[in-house]
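J.: PDB, C-alpha atoms, pLDDT in the B column, file input_17.pdb:
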```
MODEL        1
ATOM      1  CA  MET A 158       0.000   0.000   0.000  1.00 37.00           C
ATOM      2  CA  THR A 159       1.155   3.485  -0.733  1.00 41.00           C
ATOM      3  CA  LEU A 160      -1.354   5.313   1.439  1.00 45.00           C
ATOM      4  CA  PRO A 161       0.173   7.967   3.640  1.00 48.00           C
ATOM      5  CA  ASN A 162       0.107   7.081   7.314  1.00 55.00           C
ATOM      6  CA  THR A 163      -0.622  10.338   9.036  1.00 52.00           C
ATOM      7  CA  LEU A 164       0.032   9.396  12.630  1.00 51.00           C
ATOM      8  CA  PRO A 165       1.149  12.831  13.799  1.00 49.00           C
ATOM      9  CA  LEU A 166      -1.948  14.486  12.348  1.00 52.00           C
ATOM     10  CA  ALA A 167      -4.340  12.143  14.109  1.00 55.00           C
ATOM     11  CA  MET A 168      -2.414  12.596  17.345  1.00 60.00           C
ATOM     12  CA  GLU A 169      -2.957  16.315  17.526  1.00 58.00           C
ATOM     13  CA  LEU A 170      -6.405  16.068  19.029  1.00 73.00           C
ATOM     14  CA  ASP A 171      -7.162  14.818  22.505  1.00 86.00           C
ATOM     15  CA  PRO A 172      -9.887  12.187  22.879  1.00 93.00           C
ATOM     16  CA  PRO A 173     -12.741  11.806  22.546  1.00 95.00           C
ATOM     17  CA  TYR A 174     -12.906  11.479  18.771  1.00 95.00           C
ATOM     18  CA  PHE A 175     -14.092   8.706  16.473  1.00 97.00           C
ATOM     19  CA  ALA A 176     -12.402   5.886  14.602  1.00 97.00           C
ATOM     20  CA  VAL A 177     -13.690   3.941  11.621  1.00 97.00           C
ATOM     21  CA  ILE A 178     -11.919   0.581  11.688  1.00 96.00           C
ATOM     22  CA  PHE A 179     -12.177  -1.037   8.266  1.00 96.00           C
ATOM     23  CA  SER A 180     -10.801  -4.597   8.116  1.00 94.00           C
ATOM     24  CA  SER A 181     -10.852  -6.267   4.738  1.00 94.00           C
ATOM     25  CA  ALA A 182      -9.712  -9.311   2.825  1.00 92.00           C
ATOM     26  CA  ARG A 183      -9.103  -8.560  -0.840  1.00 93.00           C
ATOM     27  CA  LYS A 184     -10.092 -11.072  -3.486  1.00 90.00           C
ATOM     28  CA  GLY A 185      -6.677 -10.720  -5.090  1.00 82.00           C
ATOM     29  CA  THR A 186      -3.688  -8.460  -4.900  1.00 70.00           C
ATOM     30  CA  GLN A 187      -3.355  -7.671  -8.617  1.00 76.00           C
ATOM     31  CA  ASP A 188      -3.701  -4.045  -9.662  1.00 74.00           C
ATOM     32  CA  ASP A 189      -7.368  -3.741 -10.593  1.00 84.00           C
ATOM     33  CA  GLY A 190      -7.803  -0.048  -9.978  1.00 92.00           C
ATOM     34  CA  TYR A 191      -7.832  -0.582  -6.235  1.00 93.00           C
ATOM     35  CA  GLU A 192      -4.665   1.334  -5.383  1.00 91.00           C
ATOM     36  CA  GLU A 193      -5.669   4.317  -7.484  1.00 94.00           C
ATOM     37  CA  THR A 194      -9.123   4.462  -5.904  1.00 96.00           C
ATOM     38  CA  ALA A 195      -7.715   3.998  -2.394  1.00 94.00           C
ATOM     39  CA  ALA A 196      -5.355   6.931  -2.890  1.00 94.00           C
ATOM     40  CA  ARG A 197      -8.198   9.036  -4.294  1.00 96.00           C
ATOM     41  CA  MET A 198     -10.398   8.199  -1.287  1.00 96.00           C
ATOM     42  CA  VAL A 199      -7.670   9.378   1.099  1.00 94.00           C
ATOM     43  CA  GLU A 200      -7.396  12.603  -0.891  1.00 94.00           C
ATOM     44  CA  LEU A 201     -11.172  13.111  -0.773  1.00 96.00           C
ATOM     45  CA  ALA A 202     -11.527  12.187   2.891  1.00 96.00           C
ATOM     46  CA  ALA A 203      -8.750  14.609   3.825  1.00 93.00           C
ATOM     47  CA  GLY A 204     -10.863  17.398   2.381  1.00 94.00           C
ATOM     48  CA  MET A 205     -13.974  16.500   4.373  1.00 96.00           C
ATOM     49  CA  PRO A 206     -15.042  18.441   7.461  1.00 95.00           C
ATOM     50  CA  GLY A 207     -13.992  16.728  10.674  1.00 94.00           C
ATOM     51  CA  PHE A 208     -11.297  14.532   9.106  1.00 94.00           C
ATOM     52  CA  LEU A 209      -8.393  13.960  11.512  1.00 92.00           C
ATOM     53  CA  GLY A 210      -6.207  11.367   9.830  1.00 92.00           C
ATOM     54  CA  VAL A 211      -5.919   7.882   8.386  1.00 93.00           C
ATOM     55  CA  GLU A 212      -3.656   4.883   8.868  1.00 94.00           C
ATOM     56  CA  SER A 213      -3.530   1.855   6.625  1.00 94.00           C
ATOM     57  CA  ALA A 214      -1.640  -1.423   6.461  1.00 95.00           C
ATOM     58  CA  ARG A 215      -2.047  -4.557   4.370  1.00 94.00           C
ATOM     59  CA  ASN A 216      -0.396  -7.960   4.518  1.00 93.00           C
ATOM     60  CA  SER A 217       0.949  -9.623   1.403  1.00 90.00           C
ATOM     61  CA  ASP A 218      -1.891 -12.165   1.696  1.00 89.00           C
ATOM     62  CA  GLY A 219      -4.445  -9.413   1.025  1.00 91.00           C
ATOM     63  CA  PHE A 220      -5.710  -8.828   4.566  1.00 93.00           C
ATOM     64  CA  GLY A 221      -5.661  -5.166   5.533  1.00 95.00           C
ATOM     65  CA  ILE A 222      -6.780  -2.662   8.137  1.00 96.00           C
ATOM     66  CA  THR A 223      -7.539   0.993   7.471  1.00 96.00           C
ATOM     67  CA  VAL A 224      -8.443   3.234  10.385  1.00 96.00           C
ATOM     68  CA  SER A 225      -9.721   6.726   9.712  1.00 96.00           C
ATOM     69  CA  TYR A 226     -10.213   9.270  12.489  1.00 95.00           C
ATOM     70  CA  TRP A 227     -12.975  11.860  12.699  1.00 95.00           C
ATOM     71  CA  LYS A 228     -14.036  14.622  15.050  1.00 94.00           C
ATOM     72  CA  THR A 229     -17.708  13.655  15.163  1.00 96.00           C
ATOM     73  CA  GLU A 230     -20.119  10.933  14.119  1.00 96.00           C
ATOM     74  CA  LYS A 231     -21.784  13.462  11.834  1.00 97.00           C
ATOM     75  CA  ALA A 232     -18.499  13.849   9.947  1.00 97.00           C
ATOM     76  CA  ILE A 233     -18.390  10.070   9.470  1.00 98.00           C
ATOM     77  CA  ALA A 234     -21.957  10.056   8.162  1.00 97.00           C
ATOM     78  CA  GLN A 235     -21.113  12.819   5.672  1.00 97.00           C
ATOM     79  CA  TRP A 236     -18.105  10.891   4.419  1.00 97.00           C
ATOM     80  CA  ARG A 237     -20.075   7.635   4.167  1.00 96.00           C
ATOM     81  CA  THR A 238     -22.606   9.262   1.845  1.00 97.00           C
ATOM     82  CA  HIS A 239     -20.166  11.263  -0.307  1.00 97.00           C
ATOM     83  CA  ALA A 240     -21.114  10.532  -3.941  1.00 97.00           C
ATOM     84  CA  GLU A 241     -17.673   9.459  -5.189  1.00 97.00           C
ATOM     85  CA  HIS A 242     -17.107   7.441  -2.017  1.00 97.00           C
ATOM     86  CA  LEU A 243     -20.421   5.639  -2.574  1.00 97.00           C
ATOM     87  CA  LEU A 244     -19.215   4.582  -6.029  1.00 97.00           C
ATOM     88  CA  ALA A 245     -15.964   3.297  -4.533  1.00 96.00           C
ATOM     89  CA  GLN A 246     -17.887   1.406  -1.840  1.00 96.00           C
ATOM     90  CA  GLU A 247     -19.932  -0.290  -4.568  1.00 95.00           C
ATOM     91  CA  ARG A 248     -16.781  -1.359  -6.425  1.00 95.00           C
ATOM     92  CA  GLY A 249     -15.405  -2.639  -3.134  1.00 94.00           C
ATOM     93  CA  LYS A 250     -18.452  -4.834  -2.608  1.00 93.00           C
ATOM     94  CA  THR A 251     -18.620  -6.194  -6.138  1.00 92.00           C
ATOM     95  CA  GLN A 252     -15.008  -6.221  -7.267  1.00 93.00           C
ATOM     96  CA  TRP A 253     -12.313  -5.889  -4.597  1.00 94.00           C
ATOM     97  CA  TYR A 254     -13.314  -7.392  -1.257  1.00 93.00           C
ATOM     98  CA  ARG A 255     -13.904 -10.994  -0.394  1.00 91.00           C
ATOM     99  CA  HIS A 256     -15.027  -9.875   3.032  1.00 91.00           C
ATOM    100  CA  TYR A 257     -14.920  -6.770   5.155  1.00 92.00           C
ATOM    101  CA  ILE A 258     -15.953  -5.538   8.574  1.00 92.00           C
ATOM    102  CA  LEU A 259     -16.467  -1.884   9.385  1.00 94.00           C
ATOM    103  CA  ARG A 260     -16.595  -0.730  12.978  1.00 95.00           C
ATOM    104  CA  ILE A 261     -17.425   2.715  14.315  1.00 97.00           C
ATOM    105  CA  ALA A 262     -15.696   3.336  17.625  1.00 97.00           C
ATOM    106  CA  LYS A 263     -15.275   6.216  20.030  1.00 98.00           C
ATOM    107  CA  VAL A 264     -11.637   6.756  20.995  1.00 97.00           C
ATOM    108  CA  GLU A 265     -11.512   7.358  24.727  1.00 96.00           C
ATOM    109  CA  ARG A 266      -7.803   7.252  25.548  1.00 94.00           C
ATOM    110  CA  CYS A 267      -4.577   7.521  23.605  1.00 92.00           C
ATOM    111  CA  TYR A 268      -0.934   6.796  24.443  1.00 89.00           C
ATOM    112  CA  SER A 269       2.191   6.992  22.350  1.00 88.00           C
ATOM    113  CA  GLY A 270       5.785   5.950  22.608  1.00 89.00           C
ATOM    114  CA  PRO A 271       8.447   4.797  22.939  1.00 84.00           C
ATOM    115  CA  GLU A 272       9.082   8.068  24.815  1.00 72.00           C
ATOM    116  CA  GLY A 273       6.796   6.771  27.535  1.00 50.00           C
ATOM    117  CA  ARG A 274       3.215   7.256  28.559  1.00 41.00           C
TER     118      ARG A 274
ATOM    119  CA  MET B 711       3.028 -11.118   9.472  1.00 37.00           C
ATOM    120  CA  THR B 712       1.807 -14.563  10.343  1.00 40.00           C
ATOM    121  CA  LEU B 713      -0.680 -13.544  13.001  1.00 45.00           C
ATOM    122  CA  PRO B 714      -4.087 -15.138  12.623  1.00 48.00           C
ATOM    123  CA  ASN B 715      -6.784 -12.690  11.640  1.00 55.00           C
ATOM    124  CA  THR B 716      -9.817 -13.844  13.538  1.00 52.00           C
ATOM    125  CA  LEU B 717     -12.495 -11.728  11.953  1.00 50.00           C
ATOM    126  CA  PRO B 718     -15.340 -14.208  12.451  1.00 49.00           C
ATOM    127  CA  LEU B 719     -14.541 -14.567  16.157  1.00 52.00           C
ATOM    128  CA  ALA B 720     -14.605 -10.841  16.818  1.00 55.00           C
ATOM    129  CA  MET B 721     -17.841 -10.550  14.862  1.00 60.00           C
ATOM    130  CA  GLU B 722     -19.807 -12.882  17.087  1.00 58.00           C
ATOM    131  CA  LEU B 723     -20.561 -10.268  19.687  1.00 73.00           C
ATOM    132  CA  ASP B 724     -22.848  -7.317  19.186  1.00 86.00           C
ATOM    133  CA  PRO B 725     -21.538  -3.884  20.201  1.00 93.00           C
ATOM    134  CA  PRO B 726     -20.720  -2.340  22.514  1.00 95.00           C
ATOM    135  CA  TYR B 727     -17.309  -3.853  23.112  1.00 96.00           C
ATOM    136  CA  PHE B 728     -13.811  -2.388  23.168  1.00 97.00           C
ATOM    137  CA  ALA B 729     -10.996  -2.106  20.648  1.00 97.00           C
ATOM    138  CA  VAL B 730      -7.310  -1.514  21.303  1.00 97.00           C
ATOM    139  CA  ILE B 731      -5.913   0.065  18.139  1.00 96.00           C
ATOM    140  CA  PHE B 732      -2.136  -0.298  18.130  1.00 96.00           C
ATOM    141  CA  SER B 733      -0.407   1.506  15.253  1.00 94.00           C
ATOM    142  CA  SER B 734       3.332   1.109  15.027  1.00 94.00           C
ATOM    143  CA  ALA B 735       6.352   1.800  12.880  1.00 92.00           C
ATOM    144  CA  ARG B 736       9.061  -0.807  13.306  1.00 93.00           C
ATOM    145  CA  LYS B 737      12.712   0.198  13.361  1.00 90.00           C
ATOM    146  CA  GLY B 738      13.498  -2.516  10.847  1.00 82.00           C
ATOM    147  CA  THR B 739      11.866  -5.555   9.363  1.00 70.00           C
ATOM    148  CA  GLN B 740      14.617  -8.067  10.054  1.00 76.00           C
ATOM    149  CA  ASP B 741      13.759 -11.031  12.277  1.00 74.00           C
ATOM    150  CA  ASP B 742      14.861  -9.877  15.722  1.00 84.00           C
ATOM    151  CA  GLY B 743      12.540 -12.026  17.780  1.00 92.00           C
ATOM    152  CA  TYR B 744       9.591  -9.812  16.960  1.00 93.00           C
ATOM    153  CA  GLU B 745       7.531 -12.357  15.022  1.00 91.00           C
ATOM    154  CA  GLU B 746       7.973 -15.025  17.677  1.00 94.00           C
ATOM    155  CA  THR B 747       6.960 -12.644  20.458  1.00 96.00           C
ATOM    156  CA  ALA B 748       3.994 -11.315  18.456  1.00 94.00           C
ATOM    157  CA  ALA B 749       2.688 -14.837  17.934  1.00 94.00           C
ATOM    158  CA  ARG B 750       3.202 -15.619  21.625  1.00 96.00           C
ATOM    159  CA  MET B 751       1.285 -12.461  22.622  1.00 96.00           C
ATOM    160  CA  VAL B 752      -1.680 -13.509  20.466  1.00 94.00           C
ATOM    161  CA  GLU B 753      -1.605 -16.929  22.111  1.00 94.00           C
ATOM    162  CA  LEU B 754      -1.495 -15.365  25.583  1.00 96.00           C
ATOM    163  CA  ALA B 755      -4.155 -12.751  24.852  1.00 96.00           C
ATOM    164  CA  ALA B 756      -6.485 -15.430  23.500  1.00 93.00           C
ATOM    165  CA  GLY B 757      -6.373 -17.098  26.907  1.00 95.00           C
ATOM    166  CA  MET B 758      -7.282 -13.929  28.808  1.00 96.00           C
ATOM    167  CA  PRO B 759     -10.776 -13.294  30.170  1.00 95.00           C
ATOM    168  CA  GLY B 760     -12.803 -11.037  27.911  1.00 94.00           C
ATOM    169  CA  PHE B 761     -10.686 -11.536  24.781  1.00 94.00           C
ATOM    170  CA  LEU B 762     -12.813 -11.419  21.621  1.00 92.00           C
ATOM    171  CA  GLY B 763     -10.334 -11.447  18.753  1.00 92.00           C
ATOM    172  CA  VAL B 764      -7.401  -9.789  17.050  1.00 93.00           C
ATOM    173  CA  GLU B 765      -6.600  -8.513  13.571  1.00 94.00           C
ATOM    174  CA  SER B 766      -3.187  -7.472  12.348  1.00 94.00           C
ATOM    175  CA  ALA B 767      -1.635  -6.120   9.157  1.00 95.00           C
ATOM    176  CA  ARG B 768       1.763  -4.676   8.336  1.00 94.00           C
ATOM    177  CA  ASN B 769       3.125  -2.985   5.246  1.00 93.00           C
ATOM    178  CA  SER B 770       6.467  -3.957   3.783  1.00 90.00           C
ATOM    179  CA  ASP B 771       7.798  -0.557   4.947  1.00 89.00           C
ATOM    180  CA  GLY B 772       7.319  -1.606   8.589  1.00 91.00           C
ATOM    181  CA  PHE B 773       4.135   0.322   9.394  1.00 93.00           C
ATOM    182  CA  GLY B 774       1.485  -1.887  10.969  1.00 95.00           C
ATOM    183  CA  ILE B 775      -1.857  -1.876  12.720  1.00 96.00           C
ATOM    184  CA  THR B 776      -3.013  -4.451  15.246  1.00 96.00           C
ATOM    185  CA  VAL B 777      -6.526  -4.207  16.642  1.00 96.00           C
ATOM    186  CA  SER B 778      -7.530  -6.427  19.543  1.00 96.00           C
ATOM    187  CA  TYR B 779     -11.117  -6.655  20.762  1.00 95.00           C
ATOM    188  CA  TRP B 780     -12.248  -7.057  24.348  1.00 95.00           C
ATOM    189  CA  LYS B 781     -15.520  -7.378  26.230  1.00 94.00           C
ATOM    190  CA  THR B 782     -14.706  -4.801  28.887  1.00 96.00           C
ATOM    191  CA  GLU B 783     -12.164  -2.144  29.824  1.00 96.00           C
ATOM    192  CA  LYS B 784     -11.266  -4.241  32.842  1.00 97.00           C
ATOM    193  CA  ALA B 785     -10.225  -7.061  30.512  1.00 97.00           C
ATOM    194  CA  ILE B 786      -7.947  -4.618  28.657  1.00 98.00           C
ATOM    195  CA  ALA B 787      -6.384  -3.486  31.932  1.00 97.00           C
ATOM    196  CA  GLN B 788      -5.723  -7.093  32.949  1.00 97.00           C
ATOM    197  CA  TRP B 789      -4.041  -7.815  29.626  1.00 97.00           C
ATOM    198  CA  ARG B 790      -1.998  -4.610  29.786  1.00 96.00           C
ATOM    199  CA  THR B 791      -0.492  -5.631  33.120  1.00 97.00           C
ATOM    200  CA  HIS B 792       0.083  -9.327  32.354  1.00 97.00           C
ATOM    201  CA  ALA B 793       3.679 -10.081  33.392  1.00 97.00           C
ATOM    202  CA  GLU B 794       4.879 -11.632  30.124  1.00 97.00           C
ATOM    203  CA  HIS B 795       3.076  -8.929  28.137  1.00 97.00           C
ATOM    204  CA  LEU B 796       4.847  -6.247  30.197  1.00 97.00           C
ATOM    205  CA  LEU B 797       8.207  -7.767  29.205  1.00 97.00           C
ATOM    206  CA  ALA B 798       7.173  -7.731  25.536  1.00 96.00           C
ATOM    207  CA  GLN B 799       6.023  -4.103  25.847  1.00 96.00           C
ATOM    208  CA  GLU B 800       9.441  -3.199  27.213  1.00 95.00           C
ATOM    209  CA  ARG B 801      11.205  -4.898  24.291  1.00 95.00           C
ATOM    210  CA  GLY B 802       8.848  -3.060  21.958  1.00 94.00           C
ATOM    211  CA  LYS B 803       9.838   0.287  23.431  1.00 93.00           C
ATOM    212  CA  THR B 804      13.573  -0.361  23.486  1.00 92.00           C
ATOM    213  CA  GLN B 805      14.127  -2.681  20.543  1.00 93.00           C
ATOM    214  CA  TRP B 806      11.348  -2.975  17.958  1.00 94.00           C
ATOM    215  CA  TYR B 807       9.338   0.226  17.567  1.00 93.00           C
ATOM    216  CA  ARG B 808      10.474   3.519  16.188  1.00 91.00           C
ATOM    217  CA  HIS B 809       7.086   4.950  17.142  1.00 91.00           C
ATOM    218  CA  TYR B 810       3.707   3.678  18.224  1.00 92.00           C
ATOM    219  CA  ILE B 811       0.286   4.963  19.156  1.00 92.00           C
ATOM    220  CA  LEU B 812      -2.176   2.982  21.231  1.00 94.00           C
ATOM    221  CA  ARG B 813      -5.816   3.960  21.317  1.00 95.00           C
ATOM    222  CA  ILE B 814      -8.583   2.537  23.487  1.00 97.00           C
ATOM    223  CA  ALA B 815     -11.948   2.834  21.774  1.00 97.00           C
ATOM    224  CA  LYS B 816     -15.500   1.716  22.406  1.00 98.00           C
ATOM    225  CA  VAL B 817     -17.015  -0.008  19.386  1.00 97.00           C
ATOM    226  CA  GLU B 818     -20.530   1.291  18.968  1.00 96.00           C
ATOM    227  CA  ARG B 819     -21.631  -0.069  15.589  1.00 94.00           C
ATOM    228  CA  CYS B 820     -20.473  -2.815  13.276  1.00 92.00           C
ATOM    229  CA  TYR B 821     -21.271  -3.683   9.650  1.00 89.00           C
ATOM    230  CA  SER B 822     -19.938  -6.396   7.391  1.00 88.00           C
ATOM    231  CA  GLY B 823     -20.081  -7.309   3.749  1.00 89.00           C
ATOM    232  CA  PRO B 824     -20.095  -7.629   0.853  1.00 85.00           C
ATOM    233  CA  GLU B 825     -23.401  -9.377   1.589  1.00 72.00           C
ATOM    234  CA  GLY B 826     -24.845  -5.982   2.512  1.00 50.00           C
ATOM    235  CA  ARG B 827     -25.479  -4.089   5.664  1.00 41.00           C
TER     236      ARG B 827
ENDMDL
END
```
Let me see the file written as structure tokens.
T.:
Amino acid sequence: MTLPNTLPLAMELDPPYFAVIFSSARKGTQDDGYEETAARMVELAAGMPGFLGVESARNSDGFGITVSYWKTEKAIAQWRTHAEHLLAQERGKTQWYRHYILRIAKVERCYSGPEGR
Amino acid sequence: MTLPNTLPLAMELDPPYFAVIFSSARKGTQDDGYEETAARMVELAAGMPGFLGVESARNSDGFGITVSYWKTEKAIAQWRTHAEHLLAQERGKTQWYRHYILRIAKVERCYSGPEGR
């Protein structure tokens, strides 16, 4: 994956804020437009109100986790229903993902290191 | 990574439950005992009260996300202070991680697909 991992950005805000944990198993790892769309979604999300940051990692076997961070649940709802994002979601369901789970969670505490807690 | 990704297990419970989102950048990707310890931690965590599941992914550049799921915050606290886990945390701080962020979040909603929401 070539998504930027904007840890410092998402760290700037104290909890509470919200996380969208998207775990997915891709059908294959060939380039089928997925990477391009994923990069475009990060670009779009970053321009949405309430966006705080995104982190993404994927194993070579096609299993991946993307966590995006948002100020409010309303911001998440706005992003979920963004027109171009809806099209990407549809391609995800029909073309890219064998299975996925999406969880909305409220971040209550945050620690970082290795400087210490 | 060779960690098992137990999506179905973590799906069995309806929200609310808790997620520990651990994002980390490794200093290097050479085998320095990290993989063995990571596998051991999954084995240990799976035996803890309140453990629901774990998902993990890491990019080839060393950035990774591990999300573990727990029934209660008390279960997370018990895992955090497990003796062997404390030793692994110390090695993580001194040996394996360039940087990490750990977030405790309450999962409020969950969707899966591509079968539909």
J.: Counting all atoms listed in the file, a student should be able to say which residues of chain B come within 6 Å of chain A; what is the right answer, written as a PDB file with C-alpha atoms, in the frame of the given file?
T.:
```pdb
ATOM      1  CA  ALA B 767      -1.635  -6.120   9.157  1.00 95.00           C
ATOM      2  CA  ARG B 768       1.763  -4.676   8.336  1.00 94.00           C
ATOM      3  CA  ASN B 769       3.125  -2.985   5.246  1.00 93.00           C
ATOM      4  CA  GLY B 774       1.485  -1.887  10.969  1.00 95.00           C
ATOM      5  CA  LYS B 803       9.838   0.287  23.431  1.00 93.00           C
ATOM      6  CA  HIS B 809       7.086   4.950  17.142  1.00 91.00           C
ATOM      7  CA  TYR B 810       3.707   3.678  18.224  1.00 92.00           C
ATOM      8  CA  ILE B 811       0.286   4.963  19.156  1.00 92.00           C
ATOM      9  CA  LEU B 812      -2.176   2.982  21.231  1.00 94.00           C
ATOM     10  CA  ARG B 813      -5.816   3.960  21.317  1.00 95.00           C
ATOM     11  CA  ILE B 814      -8.583   2.537  23.487  1.00 97.00           C
ATOM     12  CA  ALA B 815     -11.948   2.834  21.774  1.00 97.00           C
ATOM     13  CA  LYS B 816     -15.500   1.716  22.406  1.00 98.00           C
ATOM     14  CA  VAL B 817     -17.015  -0.008  19.386  1.00 97.00           C
ATOM     15  CA  GLU B 818     -20.530   1.291  18.968  1.00 96.00           C
ATOM     16  CA  ARG B 819     -21.631  -0.069  15.589  1.00 94.00           C
ATOM     17  CA  CYS B 820     -20.473  -2.815  13.276  1.00 92.00           C
ATOM     18  CA  TYR B 821     -21.271  -3.683   9.650  1.00 89.00           C
ATOM     19  CA  SER B 822     -19.938  -6.396   7.391  1.00 88.00           C
ATOM     20  CA  GLY B 823     -20.081  -7.309   3.749  1.00 89.00           C
ATOM     21  CA  PRO B 824     -20.095  -7.629   0.853  1.00 85.00           C
TER      22      PRO B 824
END
```
J.: Rounded to one decimal place, report the CA of Gly210 (chain A)-CA of Gln235 (chain A) distance in Å.
T.: 15.5 Å
J.: Can you tell me, as a PyMOL selection string, what residues are no more than 10 Å from Thr747 (chain B) when counting only C-alpha atoms, ignoring any on the same chain fewer than 2 positions away?
T.: chain B and resi 742-745+749-753+794-795+798+801-802
J.: Quick one: which residues end up in the PyMOL selection byres ((chain B and resi 756) around 12) for this structure, as JSON, numbers by chain?
T.: {"B": [714, 716, 719, 720, 749, 750, 751, 752, 753, 754, 755, 757, 758, 759, 760, 761, 762, 763, 764, 778, 779, 780, 785, 789]}
J.: Provide the CA of Thr186 (chain A) to CA of Ala234 (chain A) distance in Å, to one decimal place.
T.: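 Spanning CA of Thr186 (chain A) to CA of Ala234 (chain A) is a straight-line distance of 29.1 Å.
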J.: For CA of Leu244 (chain A) and CA of Lys228 (chain A), quote the distance in Å rounded to one decimal.
T.: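 Taking CA of Leu244 (chain A) as the start and CA of Lys228 (chain A) as the end point, the length is 23.9 Å.
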